[in-house]
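Coordinates as given in data-v4.tsv (TSV, C-alpha atoms and all ligand atoms):
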chain	number	residue	atom	x	y	z
A	13	MET	CA	9.24	29.88	40.81
A	14	LYS	CA	9.16	26.29	42.07
A	15	ASN	CA	9.20	23.77	39.20
A	16	ARG	CA	5.96	21.85	39.14
A	17	HIS	CA	6.45	18.18	38.41
A	18	VAL	CA	3.69	17.35	36.02
A	19	THR	CA	2.44	13.79	35.83
A	20	ILE	CA	-0.08	13.40	33.08
A	21	ARG	CA	-2.65	10.86	34.24
A	22	SER	CA	-4.18	10.32	30.88
A	23	ALA	CA	-7.63	8.83	30.87
A	24	GLU	CA	-6.39	6.91	27.87
A	25	PRO	CA	-3.79	4.11	28.10
A	26	CYS	CA	-0.38	5.30	26.82
A	27	ILE	CA	-1.08	6.48	23.31
A	28	ILE	CA	1.50	6.86	20.57
A	29	THR	CA	0.18	8.59	17.48
A	30	VAL	CA	1.56	7.83	14.03
A	31	GLU	CA	3.12	11.30	13.88
A	32	GLN	CA	4.92	10.73	17.20
A	33	HIS	CA	6.02	7.28	16.01
A	34	ILE	CA	7.45	8.63	12.75
A	35	LEU	CA	9.36	11.33	14.61
A	36	GLN	CA	10.71	8.78	17.13
A	37	GLU	CA	11.70	6.46	14.28
A	38	GLN	CA	13.43	9.30	12.44
A	39	ARG	CA	15.35	10.44	15.51
A	40	ARG	CA	16.34	6.87	16.32
A	41	HIS	CA	17.61	6.11	12.81
A	42	SER	CA	18.68	9.53	11.56
A	43	PRO	CA	19.52	11.72	14.58
A	44	HIS	CA	19.67	14.89	12.47
A	45	ALA	CA	16.13	14.36	11.19
A	46	THR	CA	14.40	17.69	10.75
A	47	GLY	CA	10.85	16.38	11.05
A	48	SER	CA	10.42	17.03	7.34
A	49	PHE	CA	9.29	13.45	6.77
A	50	SER	CA	6.70	13.51	9.53
A	51	TRP	CA	5.39	16.79	8.07
A	52	LEU	CA	4.94	14.97	4.76
A	53	LEU	CA	3.28	11.97	6.45
A	54	SER	CA	0.86	14.27	8.28
A	55	GLY	CA	-0.40	15.31	4.83
A	56	ILE	CA	-1.19	11.69	4.00
A	57	THR	CA	-2.85	10.99	7.36
A	58	LEU	CA	-4.99	14.13	7.03
A	59	ALA	CA	-6.11	13.21	3.51
A	60	THR	CA	-7.01	9.68	4.60
A	61	LYS	CA	-9.05	11.04	7.53
A	62	MET	CA	-10.95	13.22	5.06
A	63	THR	CA	-11.56	10.19	2.85
A	64	GLU	CA	-12.48	8.01	5.84
A	65	ALA	CA	-15.14	10.50	6.87
A	66	ARG	CA	-16.72	10.19	3.40
A	67	VAL	CA	-16.39	6.40	3.27
A	68	ARG	CA	-18.14	6.11	6.67
A	69	ARG	CA	-21.10	8.18	5.45
A	70	ALA	CA	-21.06	7.04	1.81
A	71	GLY	CA	-24.69	5.94	1.84
A	72	LEU	CA	-25.82	9.27	3.26
A	73	LEU	CA	-23.92	11.58	0.95
A	74	ASP	CA	-23.96	11.84	-2.77
A	75	VAL	CA	-20.62	10.02	-3.01
A	76	LEU	CA	-21.77	6.59	-4.02
A	77	GLY	CA	-21.71	5.40	-7.57
A	78	LYS	CA	-19.96	6.30	-10.72
A	79	ALA	CA	-18.65	9.76	-11.47
A	80	GLY	CA	-19.64	9.32	-15.10
A	81	ASN	CA	-16.14	9.35	-16.53
A	82	VAL	CA	-13.32	6.95	-17.23
A	83	ASN	CA	-9.81	7.31	-15.81
A	84	VAL	CA	-6.50	6.75	-17.51
A	85	GLN	CA	-6.78	3.06	-16.63
A	86	GLY	CA	-9.90	2.84	-18.76
A	87	GLU	CA	-11.87	2.16	-15.60
A	88	GLU	CA	-15.14	3.81	-14.54
A	89	GLN	CA	-14.23	6.37	-11.88
A	90	GLN	CA	-16.26	6.25	-8.70
A	91	LYS	CA	-17.12	9.56	-7.02
A	92	LEU	CA	-15.06	8.52	-4.01
A	93	ASP	CA	-12.04	7.82	-6.25
A	94	ILE	CA	-12.12	11.48	-7.24
A	95	TYR	CA	-12.70	12.77	-3.73
A	96	ALA	CA	-9.86	10.67	-2.30
A	97	ASP	CA	-7.56	11.80	-5.11
A	98	GLU	CA	-8.39	15.49	-4.60
A	99	ALA	CA	-7.85	15.18	-0.85
A	100	LEU	CA	-4.33	13.77	-1.36
A	101	VAL	CA	-3.43	16.27	-4.10
A	102	HIS	CA	-4.53	19.13	-1.84
A	103	CYS	CA	-2.89	17.90	1.39
A	104	LEU	CA	0.39	17.02	-0.34
A	105	GLY	CA	0.32	20.19	-2.42
A	106	VAL	CA	0.52	22.36	0.70
A	107	ARG	CA	3.59	20.48	1.94
A	108	GLU	CA	6.49	22.34	0.40
A	109	ASN	CA	8.83	19.34	0.72
A	110	VAL	CA	6.74	17.35	-1.78
A	111	ALA	CA	7.98	18.11	-5.29
A	112	VAL	CA	6.20	15.49	-7.43
A	113	ILE	CA	3.09	13.34	-7.06
A	114	ALA	CA	1.56	10.66	-9.27
A	115	SER	CA	-1.88	9.17	-8.81
A	116	GLU	CA	-3.72	6.21	-10.28
A	117	GLU	CA	-6.50	8.69	-11.08
A	118	ASN	CA	-4.38	11.16	-13.08
A	119	GLU	CA	-2.74	10.39	-16.40
A	120	GLU	CA	0.31	12.59	-15.81
A	121	ALA	CA	2.56	13.01	-12.78
A	122	ILE	CA	2.38	16.52	-11.26
A	123	MET	CA	5.43	18.64	-10.38
A	124	PHE	CA	4.42	21.43	-8.01
A	125	ASP	CA	5.58	24.84	-9.25
A	126	GLY	CA	9.11	25.76	-8.32
A	127	ARG	CA	9.70	22.73	-6.17
A	128	GLU	CA	12.12	20.96	-8.48
A	129	GLY	CA	14.85	22.72	-6.50
A	130	THR	CA	13.39	22.87	-2.99
A	131	GLY	CA	11.27	19.72	-2.77
A	132	LYS	CA	12.69	16.51	-1.37
A	133	TYR	CA	10.05	13.86	-1.97
A	134	VAL	CA	8.01	12.09	-4.63
A	135	VAL	CA	4.72	10.52	-3.53
A	136	VAL	CA	2.86	8.01	-5.73
A	137	PHE	CA	-0.51	6.72	-4.62
A	138	ASP	CA	-3.68	4.80	-5.31
A	139	PRO	CA	-6.15	7.15	-3.63
A	140	LEU	CA	-8.91	4.60	-3.39
A	141	ASP	CA	-8.15	0.91	-3.87
A	142	GLY	CA	-11.00	-1.56	-4.35
A	143	SER	CA	-13.39	1.04	-5.78
A	144	SER	CA	-15.78	-1.60	-7.08
A	145	ASN	CA	-16.51	-2.48	-3.45
A	146	ILE	CA	-17.56	0.97	-2.24
A	147	ASP	CA	-21.26	0.70	-3.08
A	148	VAL	CA	-21.59	-2.64	-1.29
A	149	ASN	CA	-19.90	-1.57	1.94
A	150	VAL	CA	-16.84	-3.79	1.57
A	151	SER	CA	-13.40	-2.62	2.77
A	152	VAL	CA	-11.51	-0.23	0.50
A	153	GLY	CA	-8.24	1.61	1.08
A	154	THR	CA	-5.52	4.07	0.13
A	155	ILE	CA	-1.99	2.93	-0.83
A	156	PHE	CA	1.09	5.18	-1.00
A	157	SER	CA	4.81	5.00	-1.71
A	158	ILE	CA	7.40	7.68	-0.96
A	159	LEU	CA	10.60	8.17	-2.98
A	160	GLU	CA	13.41	10.68	-2.89
A	161	LEU	CA	13.33	13.38	-5.56
A	162	PRO	CA	16.20	12.59	-7.97
A	163	PRO	CA	18.86	15.36	-8.14
A	164	ASN	CA	19.17	17.83	-11.03
A	165	LEU	CA	15.56	17.57	-12.09
A	166	SER	CA	14.58	20.64	-14.09
A	167	SER	CA	11.07	22.07	-14.39
A	168	SER	CA	11.14	21.18	-18.07
A	169	ASP	CA	11.66	17.52	-17.24
A	170	ASP	CA	8.64	15.29	-17.42
A	171	ALA	CA	7.60	14.87	-13.76
A	172	SER	CA	7.08	11.14	-14.33
A	173	VAL	CA	10.87	10.75	-14.69
A	174	ALA	CA	11.06	11.40	-10.94
A	175	CYS	CA	8.59	8.56	-10.26
A	176	LEU	CA	10.27	5.90	-12.41
A	177	GLN	CA	12.41	4.34	-9.67
A	178	PRO	CA	12.54	0.64	-8.69
A	179	GLY	CA	10.83	-0.39	-5.45
A	180	VAL	CA	14.17	-0.87	-3.70
A	181	LYS	CA	14.49	2.93	-3.73
A	182	GLN	CA	11.36	3.52	-1.64
A	183	LEU	CA	11.96	5.60	1.49
A	184	ALA	CA	8.61	4.58	2.94
A	185	ALA	CA	5.38	2.88	1.97
A	186	GLY	CA	2.02	2.33	3.57
A	187	TYR	CA	-1.68	1.87	3.23
A	188	VAL	CA	-4.88	2.70	5.05
A	189	VAL	CA	-7.66	0.13	5.04
A	190	TYR	CA	-11.14	1.58	5.66
A	191	GLY	CA	-12.59	-1.59	7.15
A	192	SER	CA	-14.44	-2.54	10.34
A	193	SER	CA	-11.89	-0.13	11.82
A	194	THR	CA	-9.59	2.22	9.95
A	195	ILE	CA	-5.98	1.08	10.17
A	196	MET	CA	-2.84	2.69	8.77
A	197	VAL	CA	0.16	0.39	8.21
A	198	TYR	CA	3.52	1.82	7.20
A	199	THR	CA	7.22	1.08	6.99
A	200	THR	CA	10.25	3.33	6.61
A	201	GLY	CA	12.56	0.32	6.32
A	202	HIS	CA	12.68	-0.30	10.05
A	203	GLY	CA	9.89	-2.81	10.51
A	204	VAL	CA	6.14	-2.56	9.90
A	205	HIS	CA	3.79	-0.80	12.30
A	206	GLY	CA	0.00	-0.43	12.41
A	207	PHE	CA	-2.13	2.40	13.79
A	208	THR	CA	-5.85	2.33	14.42
A	209	LEU	CA	-7.84	5.53	13.89
A	210	ASP	CA	-9.56	6.41	17.16
A	211	PRO	CA	-12.68	8.24	15.95
A	212	SER	CA	-13.31	9.68	19.42
A	213	PHE	CA	-10.34	12.02	18.98
A	214	GLY	CA	-9.38	11.56	15.33
A	215	ALA	CA	-5.83	10.27	15.80
A	216	TYR	CA	-4.10	7.19	14.39
A	217	VAL	CA	-2.88	5.36	17.53
A	218	LEU	CA	-0.22	2.63	17.60
A	219	SER	CA	-2.06	-0.72	17.78
A	220	HIS	CA	0.15	-3.20	15.90
A	221	GLU	CA	3.85	-2.68	16.66
A	222	ASN	CA	6.41	-4.60	14.62
A	223	ILE	CA	4.07	-6.70	12.49
A	224	ARG	CA	5.62	-9.97	11.26
A	225	ILE	CA	3.94	-12.07	8.58
A	226	PRO	CA	3.47	-15.66	9.89
A	227	GLU	CA	5.87	-18.24	8.36
A	228	GLN	CA	2.84	-20.16	7.08
A	229	GLY	CA	-0.82	-19.22	6.89
A	230	SER	CA	-4.01	-21.07	6.00
A	231	TYR	CA	-5.48	-18.98	3.19
A	232	TYR	CA	-4.62	-18.33	-0.39
A	233	SER	CA	-6.18	-15.34	-2.13
A	234	SER	CA	-6.77	-15.25	-5.89
A	235	ASN	CA	-9.71	-14.62	-8.20
A	236	ASP	CA	-10.26	-18.23	-9.25
A	237	ALA	CA	-12.94	-17.06	-11.71
A	238	TYR	CA	-9.97	-16.54	-14.03
A	239	TRP	CA	-8.76	-20.12	-13.46
A	240	ASP	CA	-8.80	-21.03	-17.16
A	241	ALA	CA	-6.70	-17.97	-17.91
A	242	PHE	CA	-4.04	-18.68	-15.27
A	243	PRO	CA	-0.76	-20.07	-16.68
A	244	GLN	CA	-0.55	-23.81	-15.92
A	245	PRO	CA	2.25	-23.52	-13.29
A	246	TYR	CA	-0.01	-21.18	-11.26
A	247	ARG	CA	-2.83	-23.73	-11.41
A	248	ASP	CA	-0.44	-26.51	-10.37
A	249	TYR	CA	0.71	-24.37	-7.42
A	250	ILE	CA	-2.84	-23.59	-6.26
A	251	MET	CA	-3.76	-27.31	-6.55
A	252	HIS	CA	-0.68	-28.02	-4.39
A	253	LEU	CA	-2.01	-25.65	-1.72
A	254	ARG	CA	-5.48	-27.18	-1.91
A	255	SER	CA	-4.14	-30.76	-1.74
A	256	GLY	CA	-2.93	-30.48	1.87
A	257	ALA	CA	0.66	-31.19	0.71
A	258	MET	CA	1.81	-28.10	2.66
A	259	GLY	CA	0.70	-29.81	5.86
A	260	ARG	CA	-2.65	-28.03	6.12
A	261	GLN	CA	-5.86	-27.49	4.22
A	262	TYR	CA	-5.82	-24.01	2.70
A	263	GLY	CA	-8.99	-21.96	2.51
A	264	LEU	CA	-9.71	-19.30	-0.13
A	265	ARG	CA	-10.34	-15.70	0.84
A	266	TYR	CA	-10.73	-13.04	-1.88
A	267	ILE	CA	-12.24	-9.63	-1.16
A	268	GLY	CA	-11.36	-7.88	-4.42
A	269	SER	CA	-9.64	-4.98	-2.65
A	270	LEU	CA	-5.87	-5.53	-2.74
A	271	VAL	CA	-5.44	-3.50	0.42
A	272	ALA	CA	-7.85	-5.72	2.39
A	273	ASP	CA	-6.60	-9.00	0.91
A	274	PHE	CA	-3.02	-8.00	1.63
A	275	HIS	CA	-3.77	-6.74	5.16
A	276	ARG	CA	-5.26	-10.16	6.04
A	277	THR	CA	-2.26	-11.92	4.46
A	278	LEU	CA	0.13	-9.68	6.44
A	279	LEU	CA	-1.58	-10.45	9.76
A	280	ARG	CA	-2.60	-14.09	9.20
A	281	GLY	CA	-0.02	-15.26	6.65
A	282	GLY	CA	-0.77	-17.16	3.44
A	283	ILE	CA	-0.42	-15.86	-0.10
A	284	PHE	CA	-2.11	-13.38	-2.47
A	285	LEU	CA	-1.81	-14.00	-6.20
A	286	TYR	CA	-2.84	-11.86	-9.15
A	287	PRO	CA	-1.28	-13.84	-12.02
A	288	PRO	CA	-0.98	-12.76	-15.66
A	289	THR	CA	-4.26	-13.51	-17.50
A	290	GLU	CA	-5.43	-13.17	-21.11
A	291	LYS	CA	-7.20	-9.91	-20.20
A	292	HIS	CA	-4.14	-8.62	-18.34
A	293	PRO	CA	-1.10	-10.44	-19.80
A	294	SER	CA	1.25	-8.26	-17.69
A	295	GLY	CA	-0.99	-8.53	-14.65
A	296	LYS	CA	-3.69	-6.08	-13.53
A	297	LEU	CA	-2.12	-4.42	-10.51
A	298	ARG	CA	-0.02	-1.29	-10.89
A	299	LEU	CA	3.66	-1.51	-10.06
A	300	LEU	CA	4.37	1.94	-8.63
A	301	TYR	CA	1.45	2.48	-6.28
A	302	GLU	CA	0.07	-1.00	-5.57
A	303	ALA	CA	2.74	-3.71	-5.96
A	304	ASN	CA	5.84	-1.79	-4.80
A	305	PRO	CA	4.41	-0.44	-1.53
A	306	VAL	CA	2.86	-3.84	-0.73
A	307	ALA	CA	6.18	-5.55	-1.55
A	308	PHE	CA	8.17	-3.18	0.70
A	309	ILE	CA	5.82	-3.83	3.61
A	310	ALA	CA	5.77	-7.60	3.00
A	311	GLU	CA	9.58	-7.85	2.93
A	312	GLN	CA	9.93	-5.65	6.01
A	313	ALA	CA	7.55	-8.04	7.78
A	314	GLY	CA	9.57	-11.14	6.76
A	315	GLY	CA	7.62	-12.10	3.62
A	316	PHE	CA	8.35	-11.84	-0.11
A	317	ALA	CA	6.78	-10.38	-3.23
A	318	SER	CA	7.39	-11.47	-6.81
A	319	ASP	CA	6.04	-10.86	-10.31
A	320	GLY	CA	6.40	-14.57	-11.06
A	321	THR	CA	9.94	-14.22	-12.38
A	322	ARG	CA	11.79	-11.86	-9.99
A	323	PRO	CA	11.33	-9.77	-6.84
A	324	ILE	CA	8.79	-6.98	-7.41
A	325	MET	CA	11.12	-4.33	-6.01
A	326	GLU	CA	13.82	-5.06	-8.59
A	327	ILE	CA	11.58	-4.12	-11.54
A	328	GLU	CA	12.82	-0.99	-13.33
A	329	PRO	CA	9.64	0.97	-14.18
A	330	THR	CA	9.25	2.45	-17.67
A	331	GLU	CA	5.91	4.25	-17.23
A	332	ILE	CA	3.98	5.40	-14.18
A	333	HIS	CA	0.85	3.29	-14.68
A	334	GLN	CA	2.56	0.09	-15.76
A	335	ARG	CA	1.04	-3.13	-14.50
A	336	THR	CA	2.59	-6.28	-13.08
A	337	PRO	CA	1.58	-9.71	-11.87
A	338	LEU	CA	1.77	-9.74	-8.05
A	339	ILE	CA	2.39	-12.74	-5.83
A	340	VAL	CA	3.00	-11.79	-2.20
A	341	GLY	CA	2.97	-13.81	1.01
A	342	GLY	CA	4.77	-15.55	3.84
A	343	LYS	CA	8.07	-17.38	3.64
A	344	SER	CA	6.82	-20.95	3.22
A	345	GLU	CA	4.13	-20.17	0.62
A	346	MET	CA	6.53	-18.03	-1.40
A	347	LYS	CA	9.24	-20.71	-1.24
A	348	ALA	CA	6.76	-23.30	-2.54
A	349	PHE	CA	5.65	-20.81	-5.22
A	350	GLU	CA	9.24	-20.58	-6.41
A	351	GLU	CA	9.34	-24.36	-6.93
A	352	PHE	CA	6.23	-24.29	-9.09
A	353	VAL	CA	6.39	-21.05	-10.99
A	354	GLN	CA	9.52	-19.04	-10.56
A	355	PRO	CA	12.96	-20.04	-11.84
A	356	VAL	CA	14.64	-21.48	-8.72
A	357	GLY	CA	16.94	-19.06	-6.90
A	358	SER	CA	15.51	-16.02	-8.63
A	359	THR	CA	14.11	-14.49	-5.45
A	360	GLN	CA	15.19	-14.05	-1.91
A	361	ALA	CA	12.77	-16.76	-0.68
A	362	LYS	CA	15.60	-18.95	0.64
B	401	LIG	P1	-8.62	-0.13	-7.89
B	401	LIG	O1	-9.97	-0.09	-7.26
B	401	LIG	O2	-7.65	0.86	-7.28
B	401	LIG	O3	-8.68	-0.04	-9.39
B	401	LIG	O4	-7.97	-1.55	-7.54
B	401	LIG	C1	-8.69	-2.70	-7.76
B	401	LIG	C2	-7.72	-3.84	-7.86
B	401	LIG	C3	-7.30	-4.37	-6.51
B	401	LIG	O5	-7.74	-3.63	-5.42
B	401	LIG	C4	-7.89	-5.76	-6.46
B	401	LIG	O6	-7.02	-6.68	-5.87
B	401	LIG	C5	-8.13	-6.09	-7.92
B	401	LIG	O7	-8.37	-4.85	-8.56
B	401	LIG	C6	-9.32	-6.97	-8.11
B	401	LIG	O8	-9.34	-7.27	-9.48
B	401	LIG	P2	-10.41	-8.36	-10.01
B	401	LIG	O9	-11.76	-7.73	-9.80
B	401	LIG	O10	-10.03	-8.54	-11.46
B	401	LIG	O11	-10.21	-9.61	-9.22
B	402	MN	MN	-6.01	-0.26	-6.55
B	403	MN	MN	-7.80	2.93	-7.11

Using C-alpha cells, write down the structure that the file contains.
Amino acid sequence: MKNRHVTIRSAEPCIITVEQHILQEQRRHSPHATGSFSWLLSGITLATKMTEARVRRAGLLDVLGKAGNVNVQGEEQQKLDIYADEALVHCLGVRENVAVIASEENEEAIMFDGREGTGKYVVVFDPLDGSSNIDVNVSVGTIFSILELPPNLSSSDDASVACLQPGVKQLAAGYVVYGSSTIMVYTTGHGVHGFTLDPSFGAYVLSHENIRIPEQGSYYSSNDAYWDAFPQPYRDYIMHLRSGAMGRQYGLRYIGSLVADFHRTLLRGGIFLYPPTEKHPSGKLRLLYEANPVAFIAEQAGGFASDGTRPIMEIEPTEIHQRTPLIVGGKSEMKAFEEFVQPVGSTQAK
C-alpha cells in the first residue's frame, strides 16, 4: 500500500486551538505530560461556550434580570450568574482529575465524591464577572484559577482547605471576556496567550500569542465615584496621573467589569485600581478567583499586581471569599504607585 502524502490545504489560515496550544505547552515544558491538564481545560472552555451562547442571546431568552435570590456575597444573583455557575460545576464535575471546586456563587467549596485520592486539581472561579452589566449589553466574563490538590486531604476535611493557597501556587489562570468578540486569555506560567472564539466552528483559535503589557499606557481605571472614600495616598497618585507628570495625559476608562477593564489594561497598558473604601475596607474584589488569576496573568505579561501593601500573589488566604484591594498595571504605573501608596521596595516593581 503506497503511503499517501497528505497535505491539508485548509481553507482557514493555520489555526491553533486552545486545546492544541495547551498540549503543545505541556509537552514543551513537561515532556511526560499526560494531557490531563488539557482535559481539565477543555471542561472550562466547554462551559464558557455554553455561557457565551446564553450571553449572545440574553435578550431573547429568559436569562436577563435577577434570579430573585442573594448569593453568599450578599449580592443579587442574576439568572446568568446561576447558569454560568451550573455550566462550570457540570463540566468540571465530569472531569475526574478535578477534586475540588469553589465558586463565587456558592458559599462552600465542593469536593467531588471519592476524588480526594484520585483528583489532581482545584479550580476556583467567578462564573460571571460584571453581572450588573448583563442587562445593558456591556462586556462580562468568566475568571478561573487552577491549583494543585494538596496531598493527604481526607474526605472529612473541609474542601475549602484545598483552595486556601497563595497566588504564587497557581498552576494556571485565565479569563474569558464575552465582549465584541469572545476571547480567552490564559497562562500556565509560560507567558500569556489569547484565543478568539470563532463562532463559525465553535473553537477558541490562537489570536494573541505572548501578550506583553506595555511599559506605560494612557488610561487609568477606577470608580472615581468613590473618590471621597479613597485613602489620601490613592487620591494623590491619581492626581499625579492626571497632572501629566508621567509624561502624558491619562484618560479614565471604567467599565465596571473587572475582566473587561483588566483585558484593556493588559493590551493597552495603564493601571486598574480598586482601593479600600468605607463600604469595602478590605477592598471589594475577591482574592482567590478575581485578584489572584488577574495578578498571575499581569506578572506573566511583565506587569505587577498589589493590594496596596504587598504583591497580591503573596497573600495567604484565610477564607475562600475573602476580599482584597487590587491595583494592577504596567511597570511604570505600578512603580509610580509604589512611590505614592506602597512602602518602597515592598513589591517587585523595580
Ligand atoms: P461580579 O459581577 O462577579 O460580582 O464582579 C463585579 C466586580 C468587578 O467585576 C468590577 O470591577 C467591580 O465589581 C465593580 O464594582 P463597582 O460597581 O463598585 O465599581
Ligand atoms: Mn467578579
Ligand atoms: Mn461574578

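A distance cut-off of 7 Å from ligand LIG 401 (chain B), applied to all atoms listed in the file, picks out the residues Asp138, Leu140, Asp141, Gly142, Ser143, Ser144, Asn235, Gly268, Ser269, Leu270, Val271, Lys296 and Leu297 of chain A.
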
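Across the structure, CA of Arg224 in chain A and CA of His33 in chain A are spaced 17.9 Å apart.
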
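Residue nearest Thr154 in chain A within the list A:Leu253, A:Leu100, A:Leu218, A:Cys175: A:Leu100 [criterion: smallest interatomic distance, only C-alpha atoms].
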
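Interatomic distance, CA of Tyr187 in chain A to CA of Phe156 in chain A: 6.0 Å.
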
message: Taking 5 positions as the minimum chain separation for residues in the same chain, which residues sit within 8 Å of Val150 in chain A when counting all atoms listed in the file? Answer as a VMD selection string.
response: chain A and resid 145 191 267

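Proximity ranking of A:Tyr238, A:Tyr301, A:Tyr133, A:Phe352 relative to ligand MN 403 (chain B) places A:Tyr301 first, based on only C-alpha atoms and all ligand atoms.
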
message: Between CA of Gly295 in chain A and CA of Gln90 in chain A, what is the distance in Å, rounded to a tenth?
response: 22.1 Å

task: Go through A:Ala215, A:Ala237, A:Ala303, A:Met196 one by one, measure the shortest atom-to-atom distance of each to ligand MN 402 (chain B) using all atoms listed in the file, and give the residue with the smallest value.
output: A:Ala303

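Contact shell of Gly342 in chain A at 7 Å (only C-alpha atoms; same-chain neighbours under 6 positions omitted): A:Ile225, A:Pro226, A:Glu227, A:Gln228, A:Gly281, A:Gly282, A:Ile283, A:Gly315, A:Phe316.
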
Hey, can you spit out that residue selection with C-alpha atoms as a PDB file, in the coordinates of the input?
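Writing done, so here's again38.pdb:
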ATOM      1  CA  ILE A 225       3.940 -12.070   8.580  1.00  0.00           C
ATOM      2  CA  PRO A 226       3.470 -15.660   9.890  1.00  0.00           C
ATOM      3  CA  GLU A 227       5.870 -18.240   8.360  1.00  0.00           C
ATOM      4  CA  GLN A 228       2.840 -20.160   7.080  1.00  0.00           C
ATOM      5  CA  GLY A 281      -0.020 -15.260   6.650  1.00  0.00           C
ATOM      6  CA  GLY A 282      -0.770 -17.160   3.440  1.00  0.00           C
ATOM      7  CA  ILE A 283      -0.420 -15.860  -0.100  1.00  0.00           C
ATOM      8  CA  GLY A 315       7.620 -12.100   3.620  1.00  0.00           C
ATOM      9  CA  PHE A 316       8.350 -11.840  -0.110  1.00  0.00           C
TER      10      PHE A 316
END
